[in-house]
Each structure stands twice: as structure tokens, then as C-alpha cells.
$ cat entry30.tsv   # TSV, C-alpha atoms
chain	number	residue	atom	x	y	z
J	1336	MET	CA	14.39	-176.85	-8.56
J	1337	THR	CA	13.17	-173.56	-7.20
J	1338	VAL	CA	9.75	-173.58	-5.62
J	1339	SER	CA	8.17	-170.33	-6.66
J	1340	LEU	CA	4.96	-168.68	-5.59
J	1341	PHE	CA	3.25	-169.57	-8.84
J	1342	ASP	CA	3.87	-173.29	-8.61
J	1343	GLN	CA	0.40	-173.91	-7.30
J	1344	PHE	CA	-0.93	-172.99	-10.72
J	1345	MET	CA	0.95	-175.70	-12.56
J	1346	SER	CA	-0.99	-178.90	-12.84
J	1347	PRO	CA	1.16	-181.71	-11.43
J	1348	THR	CA	1.39	-185.02	-13.24
J	1349	TYR	CA	1.04	-188.38	-11.56
J	1350	LEU	CA	1.40	-191.55	-13.59
J	1351	GLY	CA	1.31	-189.31	-16.63
J	1352	ILE	CA	-2.17	-187.96	-15.92
J	1353	PRO	CA	-2.25	-184.27	-15.09
J	1354	LEU	CA	-4.45	-183.23	-12.20
J	1355	LEU	CA	-6.06	-180.91	-14.71
J	1356	ALA	CA	-7.84	-183.87	-16.26
J	1357	LEU	CA	-9.42	-184.88	-12.95
J	1358	ALA	CA	-10.29	-181.28	-12.08
J	1359	LEU	CA	-12.02	-180.75	-15.41
J	1360	THR	CA	-14.09	-183.93	-15.34
J	1361	LEU	CA	-15.06	-183.73	-11.67
J	1362	PRO	CA	-17.98	-181.29	-12.11
J	1363	TRP	CA	-19.69	-183.99	-14.13
J	1364	ILE	CA	-20.06	-186.18	-11.04
J	1365	PHE	CA	-21.82	-183.54	-9.01
J	1366	PHE	CA	-24.69	-183.10	-11.42
J	1367	PRO	CA	-26.61	-186.32	-11.95
J	1368	SER	CA	-29.15	-186.31	-14.73
J	1369	PRO	CA	-32.78	-185.82	-13.77
J	1370	THR	CA	-34.94	-188.92	-13.74
J	1371	SER	CA	-38.47	-189.25	-15.00
J	1372	ARG	CA	-39.89	-189.48	-11.49
J	1373	TRP	CA	-42.27	-186.92	-10.13
J	1374	LEU	CA	-40.21	-186.24	-7.01
J	1375	ASN	CA	-36.46	-186.50	-7.23
J	1376	ASN	CA	-33.89	-186.60	-4.48
J	1377	ARG	CA	-32.81	-183.42	-2.75
J	1378	LEU	CA	-29.69	-182.88	-4.81
J	1379	LEU	CA	-31.60	-183.06	-8.08
J	1380	THR	CA	-34.38	-180.81	-6.80
J	1381	LEU	CA	-31.86	-178.21	-5.71
J	1382	GLN	CA	-30.10	-178.34	-9.05
J	1383	ALA	CA	-33.30	-178.13	-11.02
J	1384	TRP	CA	-34.42	-175.11	-9.01
J	1385	PHE	CA	-31.09	-173.37	-9.56
J	1386	ILE	CA	-30.95	-174.11	-13.27
J	1387	ASN	CA	-34.51	-173.00	-13.90
J	1388	ARG	CA	-34.07	-169.81	-11.91
J	1389	PHE	CA	-30.81	-168.97	-13.61
J	1390	THR	CA	-32.09	-169.67	-17.11
J	1391	GLN	CA	-35.14	-167.52	-16.47
J	1392	GLN	CA	-32.88	-164.72	-15.19
J	1393	ILE	CA	-30.53	-164.81	-18.15
J	1394	LEU	CA	-33.11	-165.25	-20.86
J	1395	THR	CA	-35.54	-162.52	-19.82
J	1396	PRO	CA	-33.76	-159.69	-21.65
J	1397	LEU	CA	-32.96	-161.81	-24.69
J	1398	SER	CA	-35.21	-161.86	-27.72
J	1399	LEU	CA	-36.49	-165.10	-29.24
J	1400	GLY	CA	-33.43	-165.73	-31.39
J	1401	GLY	CA	-31.26	-165.70	-28.29
J	1402	HIS	CA	-33.26	-168.44	-26.64
J	1403	LYS	CA	-31.29	-170.94	-28.68
J	1404	TRP	CA	-28.35	-170.09	-26.45
J	1405	ALA	CA	-30.10	-171.10	-23.23
J	1406	LEU	CA	-28.42	-174.47	-22.94
J	1407	ILE	CA	-24.89	-173.32	-23.56
J	1408	LEU	CA	-25.15	-170.27	-21.31
J	1409	THR	CA	-26.60	-172.17	-18.37
J	1410	SER	CA	-24.23	-175.09	-18.69
J	1411	LEU	CA	-21.31	-172.68	-18.94
J	1412	MET	CA	-22.44	-170.96	-15.77
J	1413	VAL	CA	-22.84	-174.24	-13.89
J	1414	PHE	CA	-19.44	-175.44	-15.11
J	1415	LEU	CA	-17.63	-172.23	-14.13
J	1416	ILE	CA	-19.25	-171.98	-10.73
J	1417	THR	CA	-18.39	-175.59	-9.91
J	1418	LEU	CA	-14.80	-175.20	-11.09
J	1419	ASN	CA	-14.30	-172.01	-9.11
J	1420	ILE	CA	-15.78	-173.29	-5.88
J	1421	LEU	CA	-14.05	-176.66	-6.07
J	1422	GLY	CA	-10.78	-174.79	-6.44
J	1423	LEU	CA	-11.19	-173.36	-2.96
J	1424	LEU	CA	-10.76	-176.74	-1.31
J	1425	PRO	CA	-7.25	-177.53	-0.05
J	1426	TYR	CA	-4.80	-179.16	-2.44
J	1427	THR	CA	-7.17	-178.92	-5.39
J	1428	PHE	CA	-6.40	-177.47	-8.78
J	1429	THR	CA	-8.47	-174.70	-10.34
J	1430	PRO	CA	-8.48	-174.96	-14.12
J	1431	THR	CA	-9.93	-171.48	-14.50
J	1432	THR	CA	-6.70	-169.92	-13.26
J	1433	GLN	CA	-5.17	-170.92	-16.58
J	1434	LEU	CA	-5.48	-168.17	-19.15
J	1435	SER	CA	-5.57	-170.73	-21.91
J	1436	LEU	CA	-8.81	-172.23	-20.65
J	1437	ASN	CA	-10.55	-168.90	-20.16
J	1438	LEU	CA	-9.54	-167.54	-23.54
J	1439	ALA	CA	-10.61	-170.82	-25.11
J	1440	LEU	CA	-14.03	-170.33	-23.56
J	1441	ALA	CA	-14.33	-166.64	-24.29
J	1442	PHE	CA	-13.03	-166.33	-27.85
J	1443	PRO	CA	-15.29	-168.77	-29.70
J	1444	LEU	CA	-18.43	-167.66	-27.87
J	1445	TRP	CA	-17.74	-163.97	-28.46
J	1446	LEU	CA	-16.88	-164.64	-32.09
J	1447	ALA	CA	-20.15	-166.54	-32.43
J	1448	THR	CA	-22.16	-163.58	-31.19
J	1449	VAL	CA	-20.38	-161.20	-33.57
J	1450	LEU	CA	-20.82	-163.48	-36.57
J	1451	ILE	CA	-24.48	-164.08	-35.80
J	1452	GLY	CA	-25.01	-160.34	-35.63
J	1453	LEU	CA	-23.13	-159.69	-38.87
J	1454	ARG	CA	-24.96	-162.45	-40.66
J	1455	ASN	CA	-28.54	-161.82	-39.62
J	1456	GLN	CA	-28.67	-158.08	-39.22
J	1457	PRO	CA	-25.45	-156.56	-40.62
J	1458	THR	CA	-26.72	-153.00	-40.58
J	1459	ALA	CA	-27.72	-153.08	-36.95
J	1460	ALA	CA	-24.54	-154.90	-35.96
J	1461	LEU	CA	-22.37	-152.30	-37.64
J	1462	GLY	CA	-24.60	-149.59	-36.28
J	1463	HIS	CA	-23.60	-150.56	-32.76
J	1464	LEU	CA	-20.19	-149.13	-33.54
J	1465	LEU	CA	-21.50	-145.58	-33.30
J	1466	PRO	CA	-23.48	-144.42	-30.26
J	1467	GLU	CA	-26.51	-142.24	-30.94
J	1468	GLY	CA	-26.23	-138.51	-30.85
J	1469	THR	CA	-22.50	-138.07	-31.36
J	1470	PRO	CA	-21.40	-134.77	-32.85
J	1471	THR	CA	-20.37	-135.14	-36.51
J	1472	PRO	CA	-16.66	-134.27	-36.19
J	1473	LEU	CA	-16.24	-136.99	-33.58
J	1474	ILE	CA	-17.63	-139.81	-35.74
J	1475	PRO	CA	-14.40	-141.25	-37.24
J	1476	VAL	CA	-12.61	-141.29	-33.90
J	1477	LEU	CA	-15.55	-142.86	-32.16
J	1478	VAL	CA	-15.94	-145.61	-34.76
J	1479	ILE	CA	-12.30	-146.53	-34.30
J	1480	ILE	CA	-12.68	-146.51	-30.53
J	1481	GLU	CA	-15.81	-148.64	-30.63
J	1482	THR	CA	-14.17	-151.14	-32.98
J	1483	ILE	CA	-11.22	-151.49	-30.66
J	1484	SER	CA	-13.55	-151.96	-27.72
J	1485	LEU	CA	-15.44	-154.62	-29.66
J	1486	LEU	CA	-12.27	-156.49	-30.54
J	1487	ILE	CA	-10.96	-156.38	-27.00
J	1488	ARG	CA	-14.05	-158.04	-25.49
J	1489	PRO	CA	-12.88	-161.67	-25.64
J	1490	LEU	CA	-9.52	-160.74	-24.18
J	1491	ALA	CA	-11.25	-158.86	-21.40
J	1492	LEU	CA	-13.59	-161.76	-20.69
J	1493	GLY	CA	-10.78	-164.27	-20.43
J	1494	VAL	CA	-8.32	-162.13	-18.57
J	1495	ARG	CA	-10.94	-160.92	-16.09
J	1496	LEU	CA	-11.75	-164.44	-14.98
J	1497	THR	CA	-8.12	-165.53	-14.85
J	1498	ALA	CA	-6.88	-162.47	-13.01
J	1499	ASN	CA	-9.61	-162.50	-10.39
J	1500	LEU	CA	-9.18	-166.13	-9.50
J	1501	THR	CA	-5.38	-166.14	-9.67
J	1502	ALA	CA	-5.16	-163.01	-7.51
J	1503	GLY	CA	-7.48	-164.50	-4.92
J	1504	HIS	CA	-5.57	-167.75	-4.66
J	1505	LEU	CA	-2.24	-165.97	-4.51
J	1506	LEU	CA	-3.44	-163.64	-1.78
J	1507	MET	CA	-4.69	-166.55	0.28
J	1508	GLN	CA	-1.39	-168.36	-0.12
J	1509	LEU	CA	0.57	-165.28	1.00
J	1510	THR	CA	-1.57	-164.56	4.05
J	1511	SER	CA	-1.51	-168.17	5.13
J	1512	THR	CA	2.29	-168.21	4.88
J	1513	ALA	CA	2.44	-165.02	6.93
J	1514	ALA	CA	0.07	-166.35	9.58
J	1515	PHE	CA	1.94	-169.62	9.85
J	1516	VAL	CA	5.36	-168.05	10.18
J	1517	LEU	CA	4.15	-165.41	12.64
J	1518	LEU	CA	2.57	-168.01	14.88
J	1519	SER	CA	5.87	-168.81	16.58
J	1520	MET	CA	7.15	-165.24	16.79
J	1521	MET	CA	4.23	-162.93	17.53
J	1522	PRO	CA	1.03	-164.87	18.27
J	1523	ALA	CA	-1.11	-161.74	18.53
J	1524	VAL	CA	-0.28	-160.64	14.99
J	1525	ALA	CA	-0.79	-164.21	13.87
J	1526	ILE	CA	-4.34	-164.10	15.20
J	1527	LEU	CA	-5.00	-160.91	13.27
J	1528	THR	CA	-3.60	-162.48	10.15
J	1529	THR	CA	-5.77	-165.52	10.68
J	1530	ILE	CA	-8.85	-163.33	10.89
J	1531	LEU	CA	-7.74	-161.69	7.65
J	1532	LEU	CA	-7.35	-165.10	6.10
J	1533	PHE	CA	-10.84	-166.06	7.17
J	1534	LEU	CA	-12.32	-162.93	5.66
J	1535	LEU	CA	-10.34	-163.49	2.50
J	1536	THR	CA	-11.74	-166.97	2.20
J	1537	LEU	CA	-15.27	-165.61	2.42
J	1538	LEU	CA	-14.38	-163.08	-0.25
J	1539	GLU	CA	-12.97	-165.82	-2.41
J	1540	VAL	CA	-16.18	-167.80	-2.25
J	1541	ALA	CA	-18.12	-164.73	-3.27
J	1542	VAL	CA	-15.68	-163.87	-6.05
J	1543	ALA	CA	-15.81	-167.40	-7.37
J	1544	MET	CA	-19.54	-167.23	-7.84
J	1545	ILE	CA	-19.65	-163.65	-9.02
J	1546	GLN	CA	-16.99	-164.07	-11.65
J	1547	ALA	CA	-18.74	-167.02	-13.21
J	1548	TYR	CA	-21.94	-165.04	-13.28
J	1549	VAL	CA	-20.29	-161.98	-14.79
J	1550	PHE	CA	-18.74	-164.05	-17.55
J	1551	VAL	CA	-22.04	-165.50	-18.61
J	1552	LEU	CA	-23.90	-162.25	-18.14
J	1553	LEU	CA	-21.58	-160.32	-20.40
J	1554	LEU	CA	-21.83	-163.00	-23.03
J	1555	SER	CA	-25.59	-162.77	-22.93
J	1556	LEU	CA	-25.31	-159.00	-23.26
J	1557	TYR	CA	-23.16	-159.33	-26.34
J	1558	LEU	CA	-25.71	-161.75	-27.67
J	1559	GLN	CA	-28.52	-159.34	-26.97
J	1560	GLU	CA	-27.01	-156.70	-29.14
J	1561	ASN	CA	-26.50	-159.02	-32.00
J	1562	VAL	CA	-29.42	-161.36	-32.17
M	1330	PRO	CA	-22.79	-222.71	-8.64
M	1331	VAL	CA	-21.65	-219.46	-10.17
M	1332	PRO	CA	-18.57	-219.37	-12.44
M	1333	VAL	CA	-15.55	-217.80	-10.75
M	1334	ALA	CA	-15.29	-214.77	-13.00
M	1335	ASP	CA	-18.85	-213.66	-12.18
M	1336	LYS	CA	-18.56	-213.75	-8.40
M	1337	ARG	CA	-18.36	-210.56	-6.37
M	1338	LEU	CA	-14.93	-209.82	-4.97
M	1339	MET	CA	-15.89	-210.56	-1.38
M	1340	ASP	CA	-17.10	-214.05	-2.34
M	1341	VAL	CA	-13.94	-215.05	-4.19
M	1342	LYS	CA	-11.68	-217.38	-2.24
M	1343	LEU	CA	-7.98	-216.47	-2.02
M	1344	GLY	CA	-6.87	-219.33	-4.20
M	1345	GLU	CA	-9.31	-218.35	-6.92
M	1346	LEU	CA	-8.10	-214.75	-7.07
M	1347	GLY	CA	-5.86	-215.35	-10.09
M	1348	SER	CA	-8.59	-216.89	-12.22
M	1349	TRP	CA	-11.04	-214.24	-11.09
M	1350	LEU	CA	-8.70	-211.47	-12.28
M	1351	GLY	CA	-8.12	-213.31	-15.52
M	1352	GLY	CA	-11.81	-213.63	-16.22
M	1353	ARG	CA	-12.76	-210.00	-15.63
M	1354	ASP	CA	-13.48	-207.71	-18.54
M	1355	PHE	CA	-10.67	-205.16	-18.95
M	1356	THR	CA	-11.70	-203.75	-22.30
M	1357	PRO	CA	-12.61	-200.04	-22.36
M	1358	ASN	CA	-16.29	-200.96	-22.48
M	1359	GLY	CA	-15.82	-203.23	-19.50
M	1360	ILE	CA	-14.02	-200.54	-17.53
M	1361	ILE	CA	-16.74	-198.01	-18.30
M	1362	ALA	CA	-19.38	-200.51	-17.23
M	1363	ALA	CA	-17.51	-201.11	-13.96
M	1364	VAL	CA	-17.23	-197.37	-13.30
M	1365	ARG	CA	-20.95	-196.99	-14.00
M	1366	ARG	CA	-21.76	-199.84	-11.61
M	1367	GLY	CA	-19.64	-198.28	-8.86
M	1368	HIS	CA	-21.19	-194.89	-9.48
M	1369	ASP	CA	-24.71	-196.28	-9.35
M	1370	ARG	CA	-23.96	-198.08	-6.10
M	1371	TYR	CA	-22.66	-194.91	-4.47
M	1372	TYR	CA	-25.41	-192.73	-5.90
M	1373	ASN	CA	-28.25	-194.98	-4.88
M	1374	LYS	CA	-26.89	-195.51	-1.41
M	1375	TYR	CA	-26.04	-191.96	-0.41
M	1376	ILE	CA	-27.61	-189.41	-2.73
M	1377	ASN	CA	-30.72	-190.86	-4.30
M	1378	VAL	CA	-32.50	-191.38	-0.97
M	1379	LYS	CA	-35.55	-189.78	0.55
M	1380	ARG	CA	-33.71	-187.58	3.03
M	1381	GLY	CA	-30.23	-187.45	1.60
M	1382	GLY	CA	-28.16	-185.01	3.57
M	1383	ILE	CA	-24.87	-183.27	3.12
M	1384	GLY	CA	-22.93	-186.45	3.77
M	1385	GLY	CA	-23.31	-187.80	0.26
M	1386	ILE	CA	-21.54	-184.94	-1.43
M	1387	THR	CA	-19.12	-184.30	1.43
M	1388	MET	CA	-17.69	-187.77	1.05
M	1389	LEU	CA	-17.08	-187.08	-2.62
M	1390	LEU	CA	-15.38	-183.78	-1.83
M	1391	VAL	CA	-13.17	-185.28	0.85
M	1392	GLY	CA	-12.21	-188.06	-1.55
M	1393	TYR	CA	-11.35	-185.46	-4.17
M	1394	VAL	CA	-9.17	-183.54	-1.70
M	1395	ALA	CA	-7.43	-186.77	-0.72
M	1396	ILE	CA	-6.75	-187.71	-4.34
M	1397	SER	CA	-5.45	-184.20	-5.08
M	1398	TYR	CA	-3.10	-184.44	-2.12
M	1399	LEU	CA	-1.82	-187.75	-3.44
M	1400	TRP	CA	-1.30	-186.20	-6.85
M	1401	GLU	CA	0.64	-183.27	-5.46
M	1402	TYR	CA	2.64	-185.13	-2.84
M	1403	ASP	CA	5.82	-185.03	-4.89
M	1404	HIS	CA	5.54	-181.33	-5.30
M	1405	ILE	CA	4.58	-180.50	-1.74
M	1406	SER	CA	7.19	-182.69	-0.10
M	1407	LYS	CA	9.88	-180.40	-1.48
M	1408	LYS	CA	8.68	-177.54	0.74
M	1409	THR	CA	10.50	-177.87	4.04
M	1410	TYR	CA	9.55	-176.12	7.27
M	1411	TYR	CA	12.23	-173.45	7.08
M	1412	SER	CA	12.12	-172.76	3.35
M	1413	SER	CA	10.75	-169.43	2.31
M	1414	MET	CA	7.82	-170.85	0.45
M	1415	PHE	CA	6.38	-173.08	3.14
M	1416	CYS	CA	2.64	-172.67	3.17
M	1417	LEU	CA	-0.55	-174.54	2.54
M	1418	CYS	CA	-1.53	-175.23	-0.99
M	1419	LEU	CA	-4.77	-173.97	-2.30

$ encode --input "entry30.tsv" --output "C-alpha cells"
Amino acid sequence: MTVSLFDQFMSPTYLGIPLLALALTLPWIFFPSPTSRWLNNRLLTLQAWFINRFTQQILTPLSLGGHKWALILTSLMVFLITLNILGLLPYTFTPTTQLSLNLALAFPLWLATVLIGLRNQPTAALGHLLPEGTPTPLIPVLVIIETISLLIRPLALGVRLTANLTAGHLLMQLTSTAAFVLLSMMPAVAILTTILLFLLTLLEVAVAMIQAYVFVLLLSLYLQENV
Amino acid sequence: PVPVADKRLMDVKLGELGSWLGGRDFTPNGIIAAVRRGHDRYYNKYINVKRGGIGGITMLLVGYVAISYLWEYDHISKKTYYSSMFCLCL
């Protein structure tokens, strides 16, 4: 059995349970439900602050019809951020590196925004396909281009998240191999590589949070156009 | 005197272990109730306190890392020191 570089992205099975199952249900433990007390514990207060702030941020540009999406957008953001950051711990499995999961999240939500737009305001939704002020001869070409760009959105959403996270993990694995092997041969270069690894880890933490945010932000933008 | 099946595990004598195991509730509902009890014990001891610090969550994270290592042991043990793909797993 060849051990390839991409093996870290396969979820191993133990007693028939894939690690994927544990990795997907773990975020549930970190977010206890708020109680009816006036002052909660620190974890709950922190969470409540974050969720309120984020919901306010995301919902400000949305009109009233989009406020129905508050719960799903915020919970999606919390879920993605937890999954991404938990994946940075050693030996853990990141479910968001699997294209299947990201497409499964992106496709239905994007389709929902398009269908809502087509159902409630079909003229405006179709009108988005043509930017204002285009010269008349360009109109057919531009409509085709805008339709293609509309249809590619879910693919872009899913692939963006997958590619960013997979690339980050892969890069960290490669640099750590390099640093480890170089330690015996050229310690000075190994130190440089270790510094690189450290910086990469910081980048990964940032990317993990940013990518989750971008996913949800774009979804809310698509919703804005259509609601 | 409490019936054997209702005693806590630390109070059960060694000879009574068999009947204790036999009397416990292993239905799905029972397992869920046991998980909830364990969760509540952990939560109320380490997280739901007045000045809960980082320790509560850190223990959970370390436990998660340990369980993941256990899960992947088979896979990692195939990477030897001199193989080309020897590196830490992330």
C-alpha cells in the first residue's frame, strides 16, 4: 500500500466508524445552549457576543425578506469556522477539505437564493443578468456571460473552500517533512524551515476563519440580489 | 440499601460487577441518557463555573486529539523513519 501525500485527506475507519463522523459532530459539543439565567458562564457569554455581532454584521445589508435567513447563515458560519480551526490540531480530520461536503453546502443554498429570486421578483432576478448601461450590440454576449457566471457560483463557492483548506494543509505537511529531514543534515536550514512552518501555521489560522466568512458573505450577497 | 444496578460504579463491589452490568440500561435511550449525564457532569464541573478558564475547553481538545491519534494509528504506523513520506499528520 503506497502512502501518498493525499492520504491525510482520507477519513480513516476504526471499528467501522469513520473519523469523519466524530469530526462532524464535535462542533456540537463546543457550543452549549444558552440558559435562562441572567448571567451565563464565560463560554456562553463569549459565544453569545460573537453570534450577535456576526448576525448584525451579516444582516445589515439585507432587506426584511432576507432576515429569515439569519439562523442558517449564522449557524453555517459557526459550523465552518469550528470545523476549519479544529482541523489545525494535530492528527485531526478536516471535513471541509472534502469537495463533496463543500458542494453539498454550497449547491442547495445557492439554488435556494436563485429560486427565491425567480419566484418572488422574476423580472428583477432576470434583470440582474444584464448590467446597466451596456451598449446595445453587446447585449446578447453579455447575457450569456452573466448566465454562465450565475451558474458557476455554487461550483466556485465549494471549490474555493476546498482548495484553500487543502492547499494549506498540504503546504504545512510538506514544510514539516522538509524541516524534519533537514534537521539531521543542515540544522541552520532546518531552523529557517521551522520559522516558515510557524508563519504558515499563523496563515492557516487566518485562512480558516476568513474562508468560512467569505463563504457565508457571498451567500448573503447572492441573497441580497434576489430577495 | 440500594439495589445493585442503581449503585455508582465506584460503590460496586468486585463480586457484584456482573450483576451490575446486567442491570444497566443498554437501550439507545439509556445510552443517550448516560452520555447526557456524563456531559452534564463535565460541563458543570469545568465550564459552567463562575470563573471558568481555558482549561475546560483545552481538556476537550486534547481528548479529541488523543482520540484522533488512536483512530489513525493504523495509518500512521505504516510511515517509517526513512520512508519518503515521513511527516507529522495534520

$ interface_residues --input "entry30.tsv" --of "chain M" --to "chain J" --cutoff "12 Å" --atoms "all atoms listed in the file" --output "number ranges by chain"
M: 1364-1365, 1368-1369, 1371-1419

$ write_last_selection --input "entry30.tsv" --atoms "C-alpha atoms" --output "PDB file, keeping the file's coordinate frame"
ATOM      1  CA  VAL M1364     -17.230-197.370 -13.300  1.00  0.00           C
ATOM      2  CA  ARG M1365     -20.950-196.990 -14.000  1.00  0.00           C
ATOM      3  CA  HIS M1368     -21.190-194.890  -9.480  1.00  0.00           C
ATOM      4  CA  ASP M1369     -24.710-196.280  -9.350  1.00  0.00           C
ATOM      5  CA  TYR M1371     -22.660-194.910  -4.470  1.00  0.00           C
ATOM      6  CA  TYR M1372     -25.410-192.730  -5.900  1.00  0.00           C
ATOM      7  CA  ASN M1373     -28.250-194.980  -4.880  1.00  0.00           C
ATOM      8  CA  LYS M1374     -26.890-195.510  -1.410  1.00  0.00           C
ATOM      9  CA  TYR M1375     -26.040-191.960  -0.410  1.00  0.00           C
ATOM     10  CA  ILE M1376     -27.610-189.410  -2.730  1.00  0.00           C
ATOM     11  CA  ASN M1377     -30.720-190.860  -4.300  1.00  0.00           C
ATOM     12  CA  VAL M1378     -32.500-191.380  -0.970  1.00  0.00           C
ATOM     13  CA  LYS M1379     -35.550-189.780   0.550  1.00  0.00           C
ATOM     14  CA  ARG M1380     -33.710-187.580   3.030  1.00  0.00           C
ATOM     15  CA  GLY M1381     -30.230-187.450   1.600  1.00  0.00           C
ATOM     16  CA  GLY M1382     -28.160-185.010   3.570  1.00  0.00           C
ATOM     17  CA  ILE M1383     -24.870-183.270   3.120  1.00  0.00           C
ATOM     18  CA  GLY M1384     -22.930-186.450   3.770  1.00  0.00           C
ATOM     19  CA  GLY M1385     -23.310-187.800   0.260  1.00  0.00           C
ATOM     20  CA  ILE M1386     -21.540-184.940  -1.430  1.00  0.00           C
ATOM     21  CA  THR M1387     -19.120-184.300   1.430  1.00  0.00           C
ATOM     22  CA  MET M1388     -17.690-187.770   1.050  1.00  0.00           C
ATOM     23  CA  LEU M1389     -17.080-187.080  -2.620  1.00  0.00           C
ATOM     24  CA  LEU M1390     -15.380-183.780  -1.830  1.00  0.00           C
ATOM     25  CA  VAL M1391     -13.170-185.280   0.850  1.00  0.00           C
ATOM     26  CA  GLY M1392     -12.210-188.060  -1.550  1.00  0.00           C
ATOM     27  CA  TYR M1393     -11.350-185.460  -4.170  1.00  0.00           C
ATOM     28  CA  VAL M1394      -9.170-183.540  -1.700  1.00  0.00           C
ATOM     29  CA  ALA M1395      -7.430-186.770  -0.720  1.00  0.00           C
ATOM     30  CA  ILE M1396      -6.750-187.710  -4.340  1.00  0.00           C
ATOM     31  CA  SER M1397      -5.450-184.200  -5.080  1.00  0.00           C
ATOM     32  CA  TYR M1398      -3.100-184.440  -2.120  1.00  0.00           C
ATOM     33  CA  LEU M1399      -1.820-187.750  -3.440  1.00  0.00           C
ATOM     34  CA  TRP M1400      -1.300-186.200  -6.850  1.00  0.00           C
ATOM     35  CA  GLU M1401       0.640-183.270  -5.460  1.00  0.00           C
ATOM     36  CA  TYR M1402       2.640-185.130  -2.840  1.00  0.00           C
ATOM     37  CA  ASP M1403       5.820-185.030  -4.890  1.00  0.00           C
ATOM     38  CA  HIS M1404       5.540-181.330  -5.300  1.00  0.00           C
ATOM     39  CA  ILE M1405       4.580-180.500  -1.740  1.00  0.00           C
ATOM     40  CA  SER M1406       7.190-182.690  -0.100  1.00  0.00           C
ATOM     41  CA  LYS M1407       9.880-180.400  -1.480  1.00  0.00           C
ATOM     42  CA  LYS M1408       8.680-177.540   0.740  1.00  0.00           C
ATOM     43  CA  THR M1409      10.500-177.870   4.040  1.00  0.00           C
ATOM     44  CA  TYR M1410       9.550-176.120   7.270  1.00  0.00           C
ATOM     45  CA  TYR M1411      12.230-173.450   7.080  1.00  0.00           C
ATOM     46  CA  SER M1412      12.120-172.760   3.350  1.00  0.00           C
ATOM     47  CA  SER M1413      10.750-169.430   2.310  1.00  0.00           C
ATOM     48  CA  MET M1414       7.820-170.850   0.450  1.00  0.00           C
ATOM     49  CA  PHE M1415       6.380-173.080   3.140  1.00  0.00           C
ATOM     50  CA  CYS M1416       2.640-172.670   3.170  1.00  0.00           C
ATOM     51  CA  LEU M1417      -0.550-174.540   2.540  1.00  0.00           C
ATOM     52  CA  CYS M1418      -1.530-175.230  -0.990  1.00  0.00           C
ATOM     53  CA  LEU M1419      -4.770-173.970  -2.300  1.00  0.00           C
TER      54      LEU M1419
END

$ atom_distance --input "entry30.tsv" --atom1 "CA of Leu1465 in chain J" --atom2 "CA of Glu1481 in chain J"
7.0 Å

$ atom_distance --input "entry30.tsv" --atom1 "CA of Ala1498 in chain J" --atom2 "CA of Leu1554 in chain J"
18.0 Å

$ atom_distance --input "entry30.tsv" --atom1 "CA of Asn1561 in chain J" --atom2 "CA of Leu1394 in chain J"
14.4 Å

$ residues_around --input "entry30.tsv" --residues "range 1347-1352 of chain M" --least-positions-apart "3" --cutoff "12 Å" --atoms "only C-alpha atoms" --output "ChimeraX atom specification"
/M:1331-1344,1355-1356,1359

$ residues_around --input "entry30.tsv" --residues "Arg1488 in chain J" --least-positions-apart "3" --cutoff "10 Å" --atoms "all atoms listed in the file" --output "VMD selection string"
chain J and resid 1441 to 1442 1445 to 1446 1483 to 1485 1491 to 1494 1553 to 1554 1557

$ residues_around --input "entry30.tsv" --residues "Leu1415 in chain J" --least-positions-apart "5" --cutoff "9 Å" --atoms "all atoms listed in the file" --output "VMD selection string"
chain J and resid 1410 1420 1431 1543 to 1544 1546 to 1548 1550

$ closest_residue --input "entry30.tsv" --among "J:Gly1401, J:Pro1475, J:Gln1392, J:Leu1464" --to "Ile1451 in chain J" --atoms "only C-alpha atoms"
J:Gly1401

$ closest_residue --input "entry30.tsv" --among "J:Leu1355, J:Leu1444, J:Leu1411, J:Ile1386" --to "Leu1558 in chain J" --atoms "all atoms listed in the file"
J:Leu1444

$ decode --input "entry30.tsv" --residues "range 1377-1389 of chain M" --atoms "N, CA and C atoms" --output "PDB file, in the first residue's frame"
ATOM      1  N   ASN M1377     -19.283  25.449  33.340  1.00  0.00           N
ATOM      2  CA  ASN M1377     -20.381  26.272  33.827  1.00  0.00           C
ATOM      3  C   ASN M1377     -20.080  26.811  35.220  1.00  0.00           C
ATOM      4  N   VAL M1378     -18.864  27.367  35.403  1.00  0.00           N
ATOM      5  CA  VAL M1378     -18.491  27.889  36.712  1.00  0.00           C
ATOM      6  C   VAL M1378     -18.256  29.375  36.592  1.00  0.00           C
ATOM      7  N   LYS M1379     -18.111  30.026  37.766  1.00  0.00           N
ATOM      8  CA  LYS M1379     -18.073  31.475  37.771  1.00  0.00           C
ATOM      9  C   LYS M1379     -16.868  32.003  37.009  1.00  0.00           C
ATOM     10  N   ARG M1380     -15.705  31.391  37.211  1.00  0.00           N
ATOM     11  CA  ARG M1380     -14.518  31.899  36.542  1.00  0.00           C
ATOM     12  C   ARG M1380     -13.880  30.785  35.739  1.00  0.00           C
ATOM     13  N   GLY M1381     -14.693  30.161  34.878  1.00  0.00           N
ATOM     14  CA  GLY M1381     -14.162  29.075  34.070  1.00  0.00           C
ATOM     15  C   GLY M1381     -13.080  29.579  33.150  1.00  0.00           C
ATOM     16  N   GLY M1382     -11.952  28.905  33.135  1.00  0.00           N
ATOM     17  CA  GLY M1382     -10.859  29.377  32.296  1.00  0.00           C
ATOM     18  C   GLY M1382     -10.749  28.552  31.045  1.00  0.00           C
ATOM     19  N   ILE M1383      -9.524  28.593  30.503  1.00  0.00           N
ATOM     20  CA  ILE M1383      -9.282  27.893  29.246  1.00  0.00           C
ATOM     21  C   ILE M1383      -9.231  26.400  29.452  1.00  0.00           C
ATOM     22  N   GLY M1384      -9.023  25.964  30.692  1.00  0.00           N
ATOM     23  CA  GLY M1384      -8.806  24.543  30.945  1.00  0.00           C
ATOM     24  C   GLY M1384      -9.950  23.663  30.519  1.00  0.00           C
ATOM     25  N   GLY M1385     -11.190  24.184  30.666  1.00  0.00           N
ATOM     26  CA  GLY M1385     -12.347  23.363  30.342  1.00  0.00           C
ATOM     27  C   GLY M1385     -12.346  22.909  28.907  1.00  0.00           C
ATOM     28  N   ILE M1386     -12.142  23.878  27.995  1.00  0.00           N
ATOM     29  CA  ILE M1386     -12.161  23.502  26.588  1.00  0.00           C
ATOM     30  C   ILE M1386     -10.880  22.789  26.191  1.00  0.00           C
ATOM     31  N   THR M1387      -9.755  23.192  26.801  1.00  0.00           N
ATOM     32  CA  THR M1387      -8.478  22.574  26.400  1.00  0.00           C
ATOM     33  C   THR M1387      -8.488  21.087  26.659  1.00  0.00           C
ATOM     34  N   MET M1388      -9.130  20.690  27.775  1.00  0.00           N
ATOM     35  CA  MET M1388      -9.193  19.250  28.030  1.00  0.00           C
ATOM     36  C   MET M1388      -9.972  18.538  26.949  1.00  0.00           C
ATOM     37  N   LEU M1389     -11.050  19.168  26.487  1.00  0.00           N
ATOM     38  CA  LEU M1389     -11.831  18.567  25.405  1.00  0.00           C
ATOM     39  C   LEU M1389     -10.997  18.442  24.144  1.00  0.00           C
TER      40      LEU M1389
END
